[in-house]
Amino acid sequence: MKLKMSPRKRLSATLLIASTVLAGLGFAAPIHAQAPESTLQRITETGVVRIGYSAEDFPFSYRQSDGTVTGYSTELCLDVVEHIEKTVKRDDIKVEFVERTPRNRVAKLRSGEIDIECVASTNNPERRKSVSFSYPHFVTGSQYVSLKKSNLTTLSDLAGHTVTATSGTTNLGQLNTLNRERSLNIAVMPVETHKDALQLVTEGRASAFVMDGILLAALVAKSANPENYVLSTEALGWPEPYGLMMRLEDTEFKNAVNAALVDIYGSGRIEALYEKWFMQPIPPSGVNMRLPMSAELRAAFANPSEPQD
């Protein structure tokens with residue numbers, strides 16, 4: 001007898017640890033890959049949904065030493081998949097995890113290598129020209145982290161310093177805009193990963209690292225000496241929502257994902273997920289973010305809606 005397992009029990013699904021050859025190609029998709037016209041139709045026919053994940057965006061999406069993919073966004077997407085099973089009338093949907101980076105995530109969506117990206121991607125007007133977003137599942141703003149001994153806390157303090165940001169993120173664009181508009185004479189240093197950026201600050205090769213405040217807090221909490229760092233008191237811009245990313249104009253799939261989120265948000269399930277990932281010790285090292293749900297995020301869950309341009 002064939003056993004039927006829910007997506008949550010299939011967390012050990014085959015990992016497609018894709019190479020990052022596309023990293024330098026911007027949004028260019030492989031010639032041999034073409035996105036399906038209907039994601040729901042393909043899922044119905046194949047019984048497979050491909051979730052894009054990050055190896056390092058703790059606690060949203062990350063890969064543990066045993067290869068397991070986990071995190072707040074990962075669990076949320078597995079809940080969504082369980083709802084999708086009902087939509088496509090299949091109870092045997094298999095989940096495949098495909099690694100993506102900030103630089104190639106849009107290309108992988110557009111080529112069909114992933115169906116939905118479940119990490120920590122900012123939903124803003126510029127990105128909405130290339131991809132679709134679900135209702136928000138988190139809200140945060142851009143800050144910077146620096147060594148406490150450097151005494152940097154405001155945006156003006158960055159004047160004349162070397163500042164790093166991760167390539168392919170909205171934070172890099174915010175930093176460049178800030179530098180230009182305020183004539184701060186900042187030497188901007190793009191790098192490939194968040195880990196590389198924090199290492200530059202740790203070694204004193206960069207004075208600060210600009211990123212979403214929640215991700216900076218997570219990186220610091222996981223570091224060997226969290227007491228050595230401090231987050232800026234001033235933000236680079238207004239808080240913005242994170243959303244699950246999907247292919248542009250795949251309206252049927254987007255509507256199904258949003259319908260699933262409405263159920264998850266309304267059932268109280270989202271409260272349990274948030275409590276687990278932001279208010280309790282997180283595997284594998286037991287880091288506790290100790291981050292109560294913000295008023296902005298609580299409002300987003302109470303009344304799910306799409307940001308306006």
# chains A, B, ... in the order shown; residues from 1 in each chain; ligands from 1
call {"tool": "residues_around", "arguments": {"residues": "Ser156 (chain A)", "least_positions_apart": "6", "cutoff": "12 Å", "atoms": "only C-alpha atoms", "output": "PDB file with C-alpha atoms, in the first residue's frame"}}
result
ATOM      1  CA  LEU A 178      21.127  57.843   0.131  1.00  0.00           C
ATOM      2  CA  ASN A 179      24.773  58.334  -0.795  1.00  0.00           C
ATOM      3  CA  GLU A 181      21.112  62.503  -2.336  1.00  0.00           C
ATOM      4  CA  ARG A 182      23.007  63.374   0.829  1.00  0.00           C
ATOM      5  CA  SER A 183      26.469  63.619  -0.784  1.00  0.00           C
ATOM      6  CA  LEU A 184      27.912  61.368   1.907  1.00  0.00           C
ATOM      7  CA  ASN A 185      30.934  60.244  -0.118  1.00  0.00           C
ATOM      8  CA  ILE A 186      30.368  56.621   0.933  1.00  0.00           C
ATOM      9  CA  SER A 232      21.659  51.861  13.581  1.00  0.00           C
ATOM     10  CA  THR A 233      19.050  53.924  15.406  1.00  0.00           C
ATOM     11  CA  GLU A 234      18.012  55.515  12.113  1.00  0.00           C
ATOM     12  CA  ALA A 235      16.420  53.575   9.244  1.00  0.00           C
ATOM     13  CA  LEU A 236      17.202  54.056   5.564  1.00  0.00           C
TER      14      LEU A 236
END
call {"tool": "select_by_dssp", "arguments": {"residues": "region 4-179 of chain A", "states": "strand (DSSP E or B)", "output": "number ranges by chain"}}
result
A: 15-16, 48-53, 56-57, 61-63, 69-70, 94-99, 116-122, 131-133, 138-140, 142-147, 162-166
call {"tool": "residues_around", "arguments": {"residues": "Lys86 (chain A)", "least_positions_apart": "3", "cutoff": "12 Å", "atoms": "only C-alpha atoms", "output": "ChimeraX atom specification"}}
result
/A:6,40,43-44,79-83,89-93,256-257,259-260
call {"tool": "atom_distance", "arguments": {"atom1": "CA of Arg110 (chain A)", "atom2": "CA of Ile51 (chain A)"}}
result
13.5 Å
call {"tool": "atom_distance", "arguments": {"atom1": "CA of Ala107 (chain A)", "atom2": "CA of Ser132 (chain A)"}}
result
13.1 Å
call {"tool": "closest_residue", "arguments": {"among": "A:Val131, A:Leu273, A:Gly266, A:Val88", "to": "Gln41 (chain A)", "atoms": "only C-alpha atoms"}}
result
A:Val88
call {"tool": "atom_distance", "arguments": {"atom1": "CA of Cys77 (chain A)", "atom2": "CA of Phe209 (chain A)"}}
result
28.9 Å
call {"tool": "closest_residue", "arguments": {"among": "A:Ile282, A:Glu56, A:Ser73, A:Lys254", "to": "Glu192 (chain A)", "atoms": "only C-alpha atoms"}}
result
A:Glu56
call {"tool": "closest_residue", "arguments": {"among": "A:Leu109, A:Val210, A:Ala302, A:Met279", "to": "Met246 (chain A)", "atoms": "only C-alpha atoms"}}
result
A:Leu109
call {"tool": "closest_residue", "arguments": {"among": "A:Tyr53, A:Tyr242, A:Tyr62, A:Tyr144", "to": "Arg127 (chain A)", "atoms": "only C-alpha atoms"}}
result
A:Tyr242
call {"tool": "closest_residue", "arguments": {"among": "A:Ile116, A:Val287, A:Leu155, A:Ala206", "to": "Ser134 (chain A)", "atoms": "only C-alpha atoms"}}
result
A:Ile116
